[in-house]
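Just structure04.txt here, compact mmCIF, C-alpha atoms and all ligand atoms:
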# COMPACT_ATOMS: atom_id res chain seq x y z
CA MET J 1 30.64 -47.29 -84.09
CA PHE J 2 33.79 -47.99 -82.14
CA THR J 3 32.98 -49.29 -78.69
CA LEU J 4 36.28 -49.91 -76.92
CA THR J 5 36.39 -47.86 -73.77
CA THR J 6 38.19 -47.89 -70.46
CA GLU J 7 34.90 -47.36 -68.76
CA HIS J 8 33.20 -50.67 -69.07
CA PRO J 9 30.99 -50.97 -72.10
CA GLU J 10 27.55 -52.12 -71.03
CA PRO J 11 26.75 -55.56 -72.42
CA SER J 12 23.68 -56.26 -74.50
CA PRO J 13 20.56 -57.05 -72.44
CA GLN J 14 21.22 -59.91 -70.05
CA GLY J 15 24.75 -60.36 -71.38
CA ILE J 16 27.82 -60.06 -69.21
CA HIS J 17 31.04 -58.30 -69.93
CA ILE J 18 34.42 -59.33 -68.61
CA VAL J 19 37.59 -57.31 -69.01
CA ALA J 20 40.61 -59.62 -68.97
CA LYS J 21 43.92 -58.70 -67.34
CA PRO J 22 46.12 -61.46 -68.76
CA ILE J 23 49.28 -59.94 -67.31
CA GLY J 24 47.72 -58.39 -64.22
CA PRO J 25 49.12 -54.98 -63.38
CA ALA J 26 52.52 -55.62 -65.01
CA CYS J 27 53.55 -52.78 -67.31
CA ASN J 28 56.70 -51.47 -69.00
CA LEU J 29 55.76 -47.87 -68.15
CA ASN J 30 55.31 -45.97 -64.89
CA CYS J 31 52.66 -43.34 -65.58
CA THR J 32 52.18 -40.91 -62.70
CA TYR J 33 48.43 -41.32 -62.47
CA CYS J 34 48.06 -45.08 -63.06
CA PHE J 35 45.75 -46.65 -60.47
CA TYR J 36 46.45 -50.22 -61.52
CA LEU J 37 50.25 -50.50 -61.11
CA GLU J 38 49.98 -50.67 -57.34
CA LYS J 39 47.83 -53.83 -57.52
CA HIS J 40 51.23 -55.55 -57.25
CA SER J 41 50.84 -55.05 -53.49
CA LEU J 42 47.78 -57.35 -53.51
CA TYR J 43 49.75 -60.27 -54.94
CA GLY J 44 53.11 -60.01 -53.21
CA ALA J 45 56.65 -60.35 -54.50
CA GLY J 46 57.52 -63.13 -56.90
CA GLU J 47 54.08 -63.34 -58.51
CA ASP J 48 54.18 -64.48 -62.15
CA TYR J 49 51.57 -62.31 -63.78
CA ARG J 50 51.32 -64.24 -67.05
CA MET J 51 47.88 -65.88 -67.27
CA PRO J 52 48.48 -69.66 -67.34
CA ASP J 53 47.16 -71.55 -70.36
CA ALA J 54 44.70 -73.51 -68.22
CA VAL J 55 43.16 -70.29 -66.89
CA LEU J 56 43.10 -68.73 -70.34
CA SER J 57 41.37 -71.69 -71.99
CA THR J 58 38.86 -72.08 -69.14
CA PHE J 59 38.04 -68.37 -69.21
CA ILE J 60 37.52 -68.31 -72.98
CA ARG J 61 35.32 -71.40 -72.98
CA ARG J 62 33.19 -70.47 -70.01
CA TYR J 63 32.81 -66.82 -71.00
CA ILE J 64 31.54 -67.78 -74.45
CA GLU J 65 29.28 -70.54 -73.12
CA ALA J 66 27.78 -68.26 -70.45
CA GLN J 67 26.88 -65.56 -72.95
CA PRO J 68 23.21 -65.68 -73.99
CA THR J 69 23.81 -63.10 -76.71
CA PRO J 70 25.02 -63.91 -80.25
CA VAL J 71 28.04 -61.59 -79.91
CA VAL J 72 30.83 -62.21 -77.39
CA GLU J 73 33.23 -59.32 -76.81
CA PHE J 74 36.67 -59.97 -75.37
CA VAL J 75 38.59 -56.98 -74.00
CA TRP J 76 42.28 -57.49 -73.19
CA GLN J 77 43.71 -54.91 -70.85
CA GLY J 78 46.45 -54.49 -68.27
CA GLY J 79 48.88 -53.57 -67.11
CA GLU J 80 50.24 -53.75 -70.60
CA PRO J 81 48.95 -56.82 -72.48
CA THR J 82 51.44 -56.55 -75.35
CA LEU J 83 54.15 -57.60 -72.84
CA LEU J 84 52.76 -61.12 -73.36
CA GLY J 85 53.91 -61.13 -76.99
CA VAL J 86 51.94 -61.87 -80.17
CA ASP J 87 52.04 -65.62 -79.59
CA PHE J 88 49.89 -65.33 -76.48
CA PHE J 89 47.17 -63.70 -78.57
CA ARG J 90 47.61 -66.26 -81.37
CA ARG J 91 46.70 -68.78 -78.69
CA VAL J 92 43.68 -66.65 -77.72
CA VAL J 93 42.39 -66.72 -81.30
CA GLU J 94 43.08 -70.46 -81.52
CA LEU J 95 41.08 -71.10 -78.34
CA GLN J 96 38.18 -68.98 -79.59
CA ARG J 97 38.08 -70.63 -83.03
CA PRO J 98 35.97 -73.73 -82.17
CA PHE J 99 33.11 -71.42 -81.11
CA ALA J 100 33.21 -69.22 -84.20
CA GLY J 101 30.33 -70.92 -86.04
CA ARG J 102 27.95 -70.44 -83.14
CA LYS J 103 28.86 -66.95 -81.95
CA THR J 104 30.35 -63.78 -83.33
CA ILE J 105 33.52 -63.19 -81.35
CA THR J 106 35.26 -59.83 -81.22
CA ASN J 107 38.52 -58.81 -79.57
CA SER J 108 39.69 -55.44 -78.29
CA LEU J 109 43.12 -54.63 -76.93
CA GLN J 110 43.98 -51.65 -74.75
CA THR J 111 47.65 -50.76 -75.05
CA ASN J 112 50.13 -48.00 -74.28
CA GLY J 113 51.35 -48.51 -77.85
CA THR J 114 55.07 -48.50 -77.08
CA LEU J 115 55.72 -52.15 -77.99
CA LEU J 116 53.74 -52.28 -81.23
CA ASP J 117 55.69 -53.24 -84.32
CA ASP J 118 54.87 -54.47 -87.83
CA ALA J 119 54.37 -58.07 -86.66
CA TRP J 120 51.92 -56.96 -83.98
CA CYS J 121 49.98 -54.77 -86.37
CA ARG J 122 49.79 -57.48 -89.04
CA PHE J 123 48.31 -59.81 -86.42
CA LEU J 124 45.86 -57.20 -85.11
CA LYS J 125 44.69 -56.41 -88.63
CA GLN J 126 44.40 -60.05 -89.67
CA HIS J 127 42.26 -60.92 -86.67
CA GLN J 128 40.30 -57.66 -86.64
CA PHE J 129 41.29 -56.61 -83.16
CA MET J 130 40.07 -53.16 -82.19
CA VAL J 131 42.84 -51.27 -80.45
CA GLY J 132 42.61 -48.56 -77.85
CA ILE J 133 45.88 -46.65 -77.69
CA SER J 134 46.69 -44.41 -74.74
CA LEU J 135 47.87 -41.02 -75.92
CA ASP J 136 47.13 -37.87 -73.93
CA GLY J 137 47.90 -35.20 -76.50
CA PRO J 138 50.93 -33.34 -77.89
CA ARG J 139 54.38 -34.07 -76.50
CA GLU J 140 54.36 -31.63 -73.57
CA VAL J 141 50.92 -32.86 -72.46
CA HIS J 142 51.58 -36.57 -72.91
CA ASP J 143 55.09 -36.61 -71.43
CA ARG J 144 54.00 -34.75 -68.30
CA TYR J 145 52.45 -37.93 -66.85
CA ARG J 146 53.06 -40.85 -69.20
CA ARG J 147 56.65 -41.84 -68.50
CA ASP J 148 58.76 -44.97 -68.58
CA ARG J 149 60.59 -46.57 -65.66
CA GLN J 150 63.55 -44.25 -66.12
CA GLY J 151 61.26 -41.23 -65.93
CA LYS J 152 61.56 -40.46 -69.63
CA GLY J 153 58.52 -39.34 -71.63
CA THR J 154 57.04 -41.92 -74.00
CA PHE J 155 55.55 -39.63 -76.65
CA ASP J 156 57.85 -40.74 -79.50
CA GLU J 157 57.24 -44.45 -78.88
CA VAL J 158 53.46 -44.02 -78.68
CA ILE J 159 53.30 -41.90 -81.83
CA GLY J 160 55.39 -44.62 -83.50
CA GLY J 161 52.78 -47.18 -82.42
CA LEU J 162 49.93 -44.99 -83.67
CA LYS J 163 51.56 -44.57 -87.07
CA LEU J 164 52.00 -48.33 -87.36
CA LEU J 165 48.31 -48.91 -86.56
CA GLN J 166 47.40 -46.39 -89.25
CA LYS J 167 49.85 -47.89 -91.77
CA HIS J 168 48.36 -51.35 -91.33
CA GLY J 169 44.75 -50.15 -91.32
CA VAL J 170 44.07 -51.51 -87.81
CA GLU J 171 40.86 -50.14 -86.28
CA TYR J 172 41.78 -48.02 -83.28
CA ASN J 173 40.71 -45.21 -81.05
CA VAL J 174 42.66 -42.93 -78.79
CA MET J 175 42.13 -43.08 -75.06
CA ALA J 176 43.18 -39.70 -73.68
CA SER J 177 43.48 -39.27 -69.94
CA VAL J 178 42.59 -35.84 -68.66
CA ALA J 179 44.79 -34.98 -65.69
CA ARG J 180 44.90 -31.59 -63.99
CA GLU J 181 47.28 -29.78 -66.34
CA THR J 182 45.84 -31.48 -69.43
CA ALA J 183 42.42 -30.01 -68.69
CA ARG J 184 43.88 -26.54 -69.14
CA GLN J 185 44.81 -27.18 -72.78
CA PRO J 186 41.62 -28.50 -74.40
CA LEU J 187 42.05 -27.18 -77.92
CA GLU J 188 45.75 -27.99 -78.12
CA VAL J 189 44.85 -31.58 -77.22
CA TYR J 190 41.86 -31.89 -79.53
CA ARG J 191 43.48 -30.23 -82.55
CA PHE J 192 46.59 -32.35 -82.10
CA PHE J 193 44.51 -35.53 -82.40
CA LYS J 194 42.86 -34.26 -85.55
CA GLU J 195 46.26 -33.37 -87.04
CA GLN J 196 47.33 -36.96 -86.37
CA GLY J 197 44.34 -38.25 -88.35
CA VAL J 198 42.59 -39.67 -85.28
CA GLU J 199 38.84 -40.07 -85.79
CA PHE J 200 37.75 -41.79 -82.56
CA ILE J 201 38.68 -40.27 -79.21
CA GLN J 202 37.62 -40.96 -75.65
CA PHE J 203 38.47 -38.63 -72.79
CA VAL J 204 38.95 -40.21 -69.37
CA PRO J 205 39.14 -37.93 -66.32
CA ILE J 206 41.88 -38.78 -63.86
CA ILE J 207 40.49 -38.95 -60.33
CA GLU J 208 42.36 -40.40 -57.37
CA ARG J 209 42.58 -39.52 -53.70
CA HIS J 210 45.11 -40.21 -51.00
CA PRO J 211 44.69 -43.46 -49.03
CA ASP J 212 43.63 -43.84 -45.41
CA THR J 213 45.80 -45.56 -42.82
CA ASP J 214 44.43 -49.07 -43.46
CA GLU J 215 45.05 -48.72 -47.17
CA ARG J 216 48.57 -47.44 -46.57
CA ASN J 217 49.21 -50.44 -44.31
CA ILE J 218 48.54 -52.88 -47.14
CA GLY J 219 50.89 -50.98 -49.41
CA LEU J 220 48.45 -48.84 -51.37
CA SER J 221 49.25 -45.25 -52.20
CA LEU J 222 45.80 -44.44 -53.58
CA ALA J 223 42.40 -44.68 -51.91
CA GLY J 224 39.90 -47.40 -52.74
CA PRO J 225 36.23 -46.86 -53.60
CA ALA J 226 34.11 -44.32 -51.75
CA THR J 227 31.75 -45.71 -49.10
CA LEU J 228 28.69 -43.74 -50.37
CA ASP J 229 26.61 -43.89 -47.19
CA ARG J 230 28.83 -41.82 -44.93
CA GLU J 231 31.08 -38.84 -45.20
CA GLU J 232 34.54 -39.74 -46.42
CA PRO J 233 37.20 -38.90 -43.84
CA ASN J 234 39.66 -38.29 -46.59
CA THR J 235 38.90 -36.21 -49.67
CA GLU J 236 42.38 -34.97 -50.42
CA VAL J 237 43.41 -35.56 -54.02
CA PRO J 238 46.92 -35.79 -55.48
CA PRO J 239 48.13 -32.95 -57.70
CA TRP J 240 47.41 -34.77 -60.96
CA THR J 241 43.70 -35.28 -60.22
CA VAL J 242 41.64 -33.09 -62.54
CA LEU J 243 39.70 -30.26 -60.90
CA PRO J 244 35.91 -30.66 -61.27
CA GLU J 245 34.98 -27.42 -62.97
CA GLU J 246 38.08 -27.47 -65.15
CA TYR J 247 37.04 -30.88 -66.46
CA GLY J 248 33.66 -29.43 -67.44
CA ASP J 249 35.36 -26.48 -69.14
CA PHE J 250 37.70 -28.84 -70.98
CA LEU J 251 34.82 -30.82 -72.45
CA ILE J 252 32.85 -27.67 -73.27
CA ALA J 253 35.75 -26.08 -75.17
CA ILE J 254 36.21 -29.20 -77.26
CA TYR J 255 32.47 -29.64 -77.77
CA GLU J 256 32.21 -26.08 -79.11
CA GLU J 257 34.96 -26.71 -81.64
CA TRP J 258 33.49 -30.08 -82.57
CA VAL J 259 29.88 -28.92 -82.99
CA HIS J 260 31.02 -26.11 -85.31
CA HIS J 261 33.41 -28.11 -87.47
CA ASP J 262 33.67 -31.84 -86.92
CA VAL J 263 30.30 -33.54 -86.41
CA GLY J 264 30.27 -36.69 -88.50
CA THR J 265 34.03 -36.71 -89.12
CA THR J 266 35.50 -36.86 -85.60
CA PHE J 267 33.84 -39.05 -83.00
CA VAL J 268 34.34 -38.10 -79.37
CA MET J 269 32.83 -40.93 -77.36
CA ASN J 270 31.90 -38.68 -74.42
CA PHE J 271 29.74 -36.63 -76.81
CA GLU J 272 28.21 -39.70 -78.42
CA TRP J 273 27.20 -41.02 -74.98
CA ALA J 274 25.56 -37.69 -74.10
CA LEU J 275 23.47 -37.69 -77.28
CA ASN J 276 22.59 -41.30 -76.69
CA ALA J 277 21.30 -40.49 -73.20
CA TRP J 278 19.42 -37.44 -74.45
CA ILE J 279 17.44 -39.50 -76.96
CA GLY J 280 16.52 -41.91 -74.18
CA ASN J 281 18.69 -44.93 -74.93
CA PRO J 282 20.40 -46.88 -72.13
CA SER J 283 23.97 -45.75 -71.62
CA PRO J 284 26.61 -47.70 -73.55
CA VAL J 285 29.09 -47.13 -70.69
CA CYS J 286 28.82 -48.02 -67.04
CA ILE J 287 29.75 -44.66 -65.55
CA HIS J 288 26.62 -43.05 -66.97
CA ALA J 289 24.40 -46.13 -66.69
CA ARG J 290 21.83 -46.45 -63.91
CA GLN J 291 23.43 -49.50 -62.32
CA CYS J 292 26.75 -51.34 -62.22
CA GLY J 293 27.39 -55.03 -61.81
CA ARG J 294 27.46 -56.67 -65.23
CA SER J 295 31.00 -55.64 -66.16
CA LEU J 296 33.47 -57.84 -64.35
CA VAL J 297 37.23 -58.16 -64.38
CA ILE J 298 39.26 -61.34 -64.55
CA GLU J 299 42.77 -61.14 -63.19
CA HIS J 300 45.70 -63.19 -64.53
CA ASN J 301 45.19 -65.96 -61.94
CA GLY J 302 41.49 -66.40 -62.72
CA ASP J 303 40.14 -64.29 -59.84
CA LEU J 304 36.99 -62.37 -60.74
CA PHE J 305 36.17 -58.95 -59.35
CA ALA J 306 33.07 -56.81 -59.56
CA CYS J 307 34.78 -54.11 -61.62
CA ASP J 308 38.13 -52.78 -62.78
CA HIS J 309 37.81 -50.05 -60.16
CA TYR J 310 36.99 -52.58 -57.45
CA VAL J 311 39.95 -54.96 -57.60
CA TYR J 312 40.26 -55.22 -53.82
CA PRO J 313 40.00 -58.37 -51.69
CA GLU J 314 36.53 -57.47 -50.39
CA TYR J 315 35.14 -57.34 -53.94
CA ARG J 316 36.55 -60.67 -55.08
CA LEU J 317 33.69 -62.79 -56.44
CA GLY J 318 35.52 -66.10 -56.88
CA ASN J 319 37.84 -67.81 -59.35
CA ILE J 320 37.05 -68.98 -62.88
CA MET J 321 38.74 -72.36 -62.18
CA ALA J 322 36.55 -73.15 -59.18
CA ASP J 323 33.35 -71.14 -59.21
CA ASP J 324 30.31 -70.90 -61.43
CA LEU J 325 30.43 -67.86 -63.68
CA ALA J 326 26.68 -67.17 -63.59
CA GLN J 327 26.71 -67.34 -59.79
CA MET J 328 29.62 -64.93 -59.62
CA VAL J 329 27.74 -62.48 -61.85
CA ASP J 330 24.64 -62.84 -59.66
CA LYS J 331 26.77 -62.14 -56.62
CA SER J 332 28.04 -58.99 -58.29
CA LEU J 333 24.51 -57.86 -59.09
CA GLN J 334 22.97 -58.78 -55.77
CA CYS J 335 25.65 -57.94 -53.24
CA GLY J 336 24.56 -54.33 -53.43
CA PHE J 337 27.44 -53.37 -55.66
CA GLY J 338 25.27 -53.26 -58.80
CA THR J 339 22.17 -51.54 -57.49
CA SER J 340 23.81 -49.22 -54.99
CA LYS J 341 24.89 -46.97 -57.84
CA GLU J 342 21.26 -45.99 -58.18
CA THR J 343 19.91 -46.46 -54.66
CA SER J 344 22.67 -44.46 -52.99
CA LEU J 345 22.28 -41.30 -55.08
CA PRO J 346 22.11 -38.21 -52.88
CA SER J 347 19.02 -36.05 -53.22
CA ARG J 348 20.98 -33.49 -55.22
CA CYS J 349 21.43 -36.10 -57.95
CA ARG J 350 17.88 -37.41 -57.75
CA GLU J 351 16.58 -33.91 -58.32
CA CYS J 352 19.23 -32.96 -60.86
CA GLU J 353 18.17 -31.68 -64.28
CA VAL J 354 20.92 -33.66 -66.04
CA LEU J 355 20.52 -36.91 -64.11
CA ALA J 356 19.44 -38.80 -67.26
CA ALA J 357 22.82 -38.12 -68.87
CA CYS J 358 25.02 -38.27 -65.77
CA GLN J 359 23.43 -40.87 -63.48
CA GLY J 360 25.71 -39.65 -60.71
CA GLY J 361 28.93 -41.00 -62.28
CA CYS J 362 31.09 -43.88 -61.08
CA PRO J 363 30.50 -44.84 -57.41
CA LYS J 364 34.22 -45.22 -56.80
CA HIS J 365 34.59 -41.48 -57.08
CA ARG J 366 31.55 -40.39 -55.13
CA PHE J 367 33.54 -39.12 -52.20
CA ALA J 368 32.22 -35.55 -52.13
CA CYS J 369 29.35 -34.16 -50.05
CA THR J 370 26.48 -31.96 -51.17
CA VAL J 371 26.21 -28.45 -49.70
CA GLN J 372 23.66 -29.91 -47.26
CA GLY J 373 26.34 -32.36 -46.08
CA GLU J 374 24.83 -35.41 -47.75
CA PRO J 375 27.55 -37.94 -48.70
CA GLY J 376 27.90 -39.85 -51.95
CA LEU J 377 28.18 -36.99 -54.42
CA HIS J 378 30.54 -37.51 -57.33
CA TYR J 379 33.80 -35.62 -57.08
CA LEU J 380 33.31 -34.24 -60.62
CA CYS J 381 29.72 -33.10 -60.07
CA ALA J 382 30.38 -29.42 -60.79
CA GLY J 383 32.10 -30.33 -64.07
CA TYR J 384 29.53 -32.90 -65.18
CA ARG J 385 26.67 -30.54 -64.45
CA LYS J 386 28.28 -27.62 -66.27
CA PHE J 387 29.04 -29.73 -69.34
CA PHE J 388 25.68 -31.46 -69.64
CA ARG J 389 23.81 -28.19 -69.10
CA HIS J 390 25.93 -26.43 -71.70
CA ILE J 391 25.35 -28.93 -74.48
CA ARG J 392 21.56 -29.34 -74.01
CA LYS J 393 20.73 -26.85 -76.74
CA TYR J 394 22.86 -28.77 -79.22
CA LEU J 395 21.43 -32.12 -78.16
CA ARG J 396 17.93 -30.76 -78.67
CA ALA J 397 18.81 -29.68 -82.23
CA MET J 398 20.48 -33.02 -83.01
CA THR J 399 17.47 -34.90 -81.70
CA THR J 400 15.20 -32.95 -84.05
CA LEU J 401 17.46 -33.91 -86.95
CA LEU J 402 17.47 -37.56 -85.96
CA GLU J 403 13.69 -37.61 -85.54
CA HIS J 404 13.36 -36.43 -89.13
CA GLY J 405 15.91 -38.88 -90.47
CA LEU J 406 18.45 -36.15 -91.24
CA PRO J 407 22.21 -36.33 -90.66
CA VAL J 408 23.28 -35.03 -87.26
CA SER J 409 26.07 -33.15 -89.06
CA TYR J 410 23.48 -30.60 -90.24
CA VAL J 411 23.76 -29.16 -86.76
CA MET J 412 26.97 -27.47 -87.95
CA GLN J 413 24.90 -25.23 -90.24
CA ALA J 414 22.35 -24.54 -87.53
CA VAL J 415 24.95 -23.39 -84.99
CA LYS J 416 25.94 -20.54 -87.29
CA GLY J 417 22.53 -18.97 -86.66
CA PRO J 418 19.99 -19.06 -83.83
CA LEU J 419 20.22 -22.88 -83.57
CA VAL J 420 16.90 -23.58 -85.24
CA ILE J 421 16.63 -26.65 -87.44
CA ASP J 422 15.03 -25.56 -90.73
CA LEU J 423 13.29 -28.76 -91.76
CA GLU J 424 11.86 -27.24 -94.93
CA LYS J 425 15.33 -26.39 -96.15
CA HIS J 426 16.33 -30.02 -95.75
CA ALA J 427 13.18 -31.46 -97.34
CA GLY J 428 14.10 -33.86 -100.10
CA VAL J 429 17.71 -34.39 -98.99
CA PRO J 430 18.79 -38.01 -98.76
CA ARG J 431 17.82 -39.56 -95.43
CA ARG J 432 20.39 -41.48 -93.48
S1 LIG P 501 32.00 -48.90 -60.27
FE1 LIG P 501 30.35 -49.05 -61.75
S2 LIG P 501 30.47 -47.11 -62.89
FE2 LIG P 501 32.40 -47.33 -61.81
S3 LIG P 501 33.78 -48.29 -63.32
FE3 LIG P 501 32.83 -49.93 -62.06
S4 LIG P 501 31.03 -50.64 -63.18
FE4 LIG P 501 31.66 -48.64 -63.99
S1 LIG P 502 25.59 -33.52 -62.38
FE1 LIG P 502 26.06 -33.78 -60.20
S2 LIG P 502 24.08 -33.67 -59.18
FE2 LIG P 502 23.68 -34.05 -61.36
S3 LIG P 502 23.51 -36.28 -61.50
FE3 LIG P 502 25.63 -35.73 -61.97
S4 LIG P 502 26.74 -35.91 -60.04
FE4 LIG P 502 24.54 -35.84 -59.56
Representation of the structure as structure tokens:
Amino acid sequence: MFTLTTEHPEPSPQGIHIVAKPIGPACNLNCTYCFYLEKHSLYGAGEDYRMPDAVLSTFIRRYIEAQPTPVVEFVWQGGEPTLLGVDFFRRVVELQRPFAGRKTITNSLQTNGTLLDDAWCRFLKQHQFMVGISLDGPREVHDRYRRDRQGKGTFDEVIGGLKLLQKHGVEYNVMASVARETARQPLEVYRFFKEQGVEFIQFVPIIERHPDTDERNIGLSLAGPATLDREEPNTEVPPWTVLPEEYGDFLIAIYEEWVHHDVGTTFVMNFEWALNAWIGNPSPVCIHARQCGRSLVIEHNGDLFACDHYVYPEYRLGNIMADDLAQMVDKSLQCGFGTSKETSLPSRCRECEVLAACQGGCPKHRFACTVQGEPGLHYLCAGYRKFFRHIRKYLRAMTTLLEHGLPVSYVMQAVKGPLVIDLEKHAGVPRR
């Protein structure tokens, strides 16, 4: 199963996960909804965002050595990491090589796809990089928000990158951001991906809100994380932020199409996570996990932060060149950041019938209030609740199939009738 995700994948028990930003927020595009571009304001003018070799080699060595698990997963993200050129990643592989006998090392690269060429794809294939490519849907959907610095849509360049990945047999998935207008075209988006031969898709809701005065004063145009324990003074969202119920309807429309036609051939990560939660496994992604804190971010200069969504001075944990990695992880877990995801849940969440699947969502976006006026509710609550409630009947049927060792894809036959799994009919079929 493909695991690359913009939400942080949860590491194996007791492992840590670090997303690397080897070129900081630098990017060749200027997407309307990007929350990372404005991190430039944290570093000031003249900053060279290329990760120095000393930082790169120290990070690779210490990350591998600190990992108690046999598998070490590197995720390279930005900004746009392909701006560094293939040679930077040749150096990455070279620095990882001495550890290869002792650990299994994997690499994932998140890219906007516009700079990929044959040389890149040959390298990615040769070294088994898993690639996440950002593509929001058909041209009119994608070009609405994903534009270059001249304001021109990037659809043609990204499709070119996707075709090259396919031509070279590079493992990839599509990361599709769901902004406000996108959410109104669920089937156009989903069917487009299938027409392009995409098998692995992850939908990421776009949620931002306007900054307060202090944030504006340090040059930010988007608000930082919600405070959780008190009502947010500012809950105004920009026009590209998806509307809560529309996000739920978007997922439901696609789920209906998928559960009737595509189970076992198209993998929508959001649906895989829901099934995973339903059968009682820990969430493979942080947003629907009980706690945060084990998925850190390393910036180009070696600074570590508690999370990709918490790259703000107050969440800086230290620097890889000067501080102990294990201590920085402990700090992330113990400073309240990790556990507060669970301890700060409003009573509406604690009593919620879909809490096991939702877990209240990402704390950064818990800036809404319950009807009783309790703070700390996730902005998307209405959408999450609607979606998880809608798919319960399907999850129940899939769980029955799994419990009897039958392929989940049999659910496609069951949905044609009263959604009853006929185990006798399937007796004697090959088990998976
Ligand atoms: S705050 Fe927690 S849930 Fe949100 S992105 Fe970070 S680690 Fe994930
Ligand atoms: S659906 Fe809403 S109330 Fe339920 S756990 Fe998620 S955010 Fe909380």
Could you give me, as number ranges by chain, the residues within 9 Å of segment 240-257 of chain J, counting all atoms listed in the file and dropping anything in the same chain fewer than 6 positions from it? J: 32-33, 145, 178-187, 189-190, 203, 205-209, 268, 270-271, 379-388, 390-391
Ligand LIG 502 (chain P) neighbours within 10 Å using all atoms listed in the file, as an NGL selection string: :J and (288 or 345-362 or 366 or 368 or 370 or 376-389)
Quick one: write out the picked residues with C-alpha atoms as a PDB file, keeping the file's coordinate frame?
ATOM      1  CA  HIS J 288      26.620 -43.050 -66.970  1.00  0.00           C
ATOM      2  CA  LEU J 345      22.280 -41.300 -55.080  1.00  0.00           C
ATOM      3  CA  PRO J 346      22.110 -38.210 -52.880  1.00  0.00           C
ATOM      4  CA  SER J 347      19.020 -36.050 -53.220  1.00  0.00           C
ATOM      5  CA  ARG J 348      20.980 -33.490 -55.220  1.00  0.00           C
ATOM      6  CA  CYS J 349      21.430 -36.100 -57.950  1.00  0.00           C
ATOM      7  CA  ARG J 350      17.880 -37.410 -57.750  1.00  0.00           C
ATOM      8  CA  GLU J 351      16.580 -33.910 -58.320  1.00  0.00           C
ATOM      9  CA  CYS J 352      19.230 -32.960 -60.860  1.00  0.00           C
ATOM     10  CA  GLU J 353      18.170 -31.680 -64.280  1.00  0.00           C
ATOM     11  CA  VAL J 354      20.920 -33.660 -66.040  1.00  0.00           C
ATOM     12  CA  LEU J 355      20.520 -36.910 -64.110  1.00  0.00           C
ATOM     13  CA  ALA J 356      19.440 -38.800 -67.260  1.00  0.00           C
ATOM     14  CA  ALA J 357      22.820 -38.120 -68.870  1.00  0.00           C
ATOM     15  CA  CYS J 358      25.020 -38.270 -65.770  1.00  0.00           C
ATOM     16  CA  GLN J 359      23.430 -40.870 -63.480  1.00  0.00           C
ATOM     17  CA  GLY J 360      25.710 -39.650 -60.710  1.00  0.00           C
ATOM     18  CA  GLY J 361      28.930 -41.000 -62.280  1.00  0.00           C
ATOM     19  CA  CYS J 362      31.090 -43.880 -61.080  1.00  0.00           C
ATOM     20  CA  ARG J 366      31.550 -40.390 -55.130  1.00  0.00           C
ATOM     21  CA  ALA J 368      32.220 -35.550 -52.130  1.00  0.00           C
ATOM     22  CA  THR J 370      26.480 -31.960 -51.170  1.00  0.00           C
ATOM     23  CA  GLY J 376      27.900 -39.850 -51.950  1.00  0.00           C
ATOM     24  CA  LEU J 377      28.180 -36.990 -54.420  1.00  0.00           C
ATOM     25  CA  HIS J 378      30.540 -37.510 -57.330  1.00  0.00           C
ATOM     26  CA  TYR J 379      33.800 -35.620 -57.080  1.00  0.00           C
ATOM     27  CA  LEU J 380      33.310 -34.240 -60.620  1.00  0.00           C
ATOM     28  CA  CYS J 381      29.720 -33.100 -60.070  1.00  0.00           C
ATOM     29  CA  ALA J 382      30.380 -29.420 -60.790  1.00  0.00           C
ATOM     30  CA  GLY J 383      32.100 -30.330 -64.070  1.00  0.00           C
ATOM     31  CA  TYR J 384      29.530 -32.900 -65.180  1.00  0.00           C
ATOM     32  CA  ARG J 385      26.670 -30.540 -64.450  1.00  0.00           C
ATOM     33  CA  LYS J 386      28.280 -27.620 -66.270  1.00  0.00           C
ATOM     34  CA  PHE J 387      29.040 -29.730 -69.340  1.00  0.00           C
ATOM     35  CA  PHE J 388      25.680 -31.460 -69.640  1.00  0.00           C
ATOM     36  CA  ARG J 389      23.810 -28.190 -69.100  1.00  0.00           C
TER      37      ARG J 389
END
Distance filter 9 Å around ligand LIG 501 (chain P), atoms: only C-alpha atoms and all ligand atoms, out as number ranges by chain: J: 6-10, 225, 285-296, 306-310, 337-338, 341, 361-365
Protein/DNA/RNA residues near (58.4, -44.9, -81.3), cut 12 Å, all atoms listed in the file, as a PyMOL selection string: chain J and resi 112-117+153-164
re atom CA of Cys34 of chain J and atom CA of Val55 of chain J: distance 26.0 Å
What is the distance, in Å and to one decimal place, between atom CA of Val329 of chain J and atom CA of Ser344 of chain J? 20.7 Å
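Using only C-alpha atoms, the shortest contact distance between Ala223 of chain J and any of J:Tyr36, J:Leu304, J:Trp76, J:Lys167 is found at J:Tyr36.
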Which residue of J:Pro233, J:Tyr315, J:Ile133, J:Lys21 approaches Thr213 of chain J most closely, using all atoms listed in the file: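 Ranking J:Pro233, J:Tyr315, J:Ile133, J:Lys21 by distance to Thr213 of chain J, first place goes to J:Pro233.
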Which residues, protein or nucleic acid, reach to within 12 Å of (44.4, -68.2, -77.7) in the file's coordinates when using only C-alpha atoms, and can you give that as a PyMOL selection string? chain J and resi 22+51-61+74+76+84-98+107+127
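Taking atom CA of Met269 of chain J as the reference point, atom CA of Tyr63 of chain J is found at 26.7 Å.
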Who sits within 7 Å of segment 298-303 of chain J, all atoms listed in the file, same chain under 3 positions skipped, as a list in words: Ile18, Val19, Ala20, Lys21, Pro22, Ile23, Gly24, Tyr49, Arg50, Met51, Val55, Arg316, Gly318, Asn319, Ile320 and Met321 of chain J
My list of candidates is J:Pro375, J:Leu29, J:Gly280, J:Ser409. Which is closest to Gly151 of chain J when distances are computed with only C-alpha atoms?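 Closest to Gly151 of chain J of all the choices is J:Leu29.
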